[in-house]
Amino acid sequence: MLKKIYSYYSNLPVSFNKIVLASLIISLFFILKAYTNHLINDYNYSFSWLLITLKISISYLLWIILTPLAYSLTKVIQSLDHFKLYKVFQFLLGCFVLAIIHQLIASRLDDLINYVNSGYLKSFLGHNSMVVLIIGSFSSFIELLVIIAIFLAYDYQKKFIVNQKALIASQLNALRMQLQPHFLFNTLHSIASMIDIDTKNAQKMLTKLGMLLRHILEYDAEQMVTVKDELNFIKDYLDLEQVRYKDRVTITYNISQDALHLKIPNMIFQPLVENAVKYGIIPTVNNGEIKINIELDHNDVMQENALTLEISNTFNNNKNHTKPIGTGTGLLNIKKRLQQFYGNRFWFKADFKTPELYSAKIVLPIIE
């Protein structure tokens with residue numbers, strides 16, 4: 001029985017504790033209002049805190065019991081896809097009936113309190129009782145409409161948040177789907193250029209590409225992955241590129257072990273690694289270098305402890321060298337995805353530190 005009652009309240013858009021708190025606050029407001037009114041009018045009898053508190057509190061605390069019924073009327077309104085007269089009539093009739101029930105119980109309890117206090121009990125069908133019931137029912141009707149309006153607002157807010165999350169998720173998936181073909185196209189192009197030159201290494205690259213595709217499929221549905229998983233993917237990708245470029249590139253990792261379990265957006269770092277290879281290693285005759293640094297540190301811009309992901313690469317500054325022309329898809333998508341995940345609570349910069357050293361840095365809030 002208790003579980004069934006609990007299920008009624010657990011389905012409400014507002015928690016039971018908040019409903020009780022709101023009822024107590026409203027009751028306190030009207031108790032103080034009654035006391036203020038007593039002082040202003042200077043009545044010739046003392047103000048009974050106990051009696052007034054009981055009378056006022058009963059009316060509002062009674063709504064706590066009736067809130068599941070009030071929420072069922074809210075569902076009637078929400079089921080209206082378009083105007084239907086019988087649905088509107090059903091809603092209004094339900095409101096009037098519930099308001100009468102509320103006032104009937106409240107007025108009877110009020111009469112009982114008066115009886116305990118004075119020894120006088122009003123007639124249930126007496127003229128005064130009927131007047132109180134009719135007038136009080138209209139007040140209860142207004143209170144009920146306010147409760148329903150609050151439930152509608154809470155439900156709308158919840159649905160709005162759910163829809164916003166779904167929209168953001170679809171946008172993030174769309175951005176990530178742009179990155180994956182972009183990355184795969186570049187990788188396949190690298191393998192194709194190796195087939196006639198070095199068949200053995202081209203086969204190694206295809207094997208490593210298979211591992212990368214397996215990783216993409218495994219984590220495709222995940223919006224957030226650990227730094228460790230993202231790093232494993234990057235290492236597989238760079239291993240693939242090292243097969244192609246052999247001694248032309250040196251890769252250095254400086255990874256804080258405390259950062260490995262932290263969560264970051266899936267494939268957020270990969271486009272920067274790809275750019276480092278494309279613009280830093282491919283044009284290099286020899287001695288190209290990529291450094292990857294992941295650490296936890298206090299960030300002055302964000303004014304908090306943060307996760308820093310940084311990659312730097314050497315750049316061929318020879319005037320005879322023609323700089324590859326990029327589409328900017330990778331960097332643009334990184335910014336868009338970071339904004340979707342973190343709003344303005346991140347820092348991202350990609351630029352030259354020196355004419356021969358390019359660096360890209362992402363600073364993110366710590367999420368475990």
# chains A, B, ... in the order shown; residues from 1 in each chain; ligands from 1
call {"tool": "residues_around", "arguments": {"residues": "Phe29 (chain A)", "least_positions_apart": "4", "cutoff": "12 Å", "atoms": "only C-alpha atoms", "output": "list in words"}}
result
Ala22, Ser23, Leu24, Ile25, Lys33, Ala34, Tyr35, Thr36, Thr53, Ile56, Ser57 and Tyr60 of chain A
call {"tool": "residues_around", "arguments": {"residues": "region 72-74 of chain A", "least_positions_apart": "4", "cutoff": "9 Å", "atoms": "only C-alpha atoms", "output": "MDAnalysis selection string"}}
result
chainID A and resid 67:68 78:79 90:92 94:95 148:149 151:152
call {"tool": "select_by_dssp", "arguments": {"residues": "region 241-366 of chain A", "states": "alpha helix (DSSP H)", "output": "list in words"}}
result
Glu241, Gln242, Val243, Arg244, Tyr245, Gln270, Pro271, Leu272, Val273, Glu274, Asn275, Thr329, Gly330, Leu331, Leu332, Asn333, Ile334, Lys335, Lys336, Arg337, Leu338, Gln339, Gln340, Phe341 and Tyr342 of chain A
call {"tool": "atom_distance", "arguments": {"atom1": "CA of Phe30 (chain A)", "atom2": "CA of Val14 (chain A)"}}
result
22.5 Å
call {"tool": "atom_distance", "arguments": {"atom1": "CA of Leu62 (chain A)", "atom2": "CA of Ile77 (chain A)"}}
result
22.9 Å
call {"tool": "closest_residue", "arguments": {"among": "A:Leu213, A:Leu51, A:Ile26, A:Val243", "to": "Ser190 (chain A)", "atoms": "only C-alpha atoms"}}
result
A:Val243
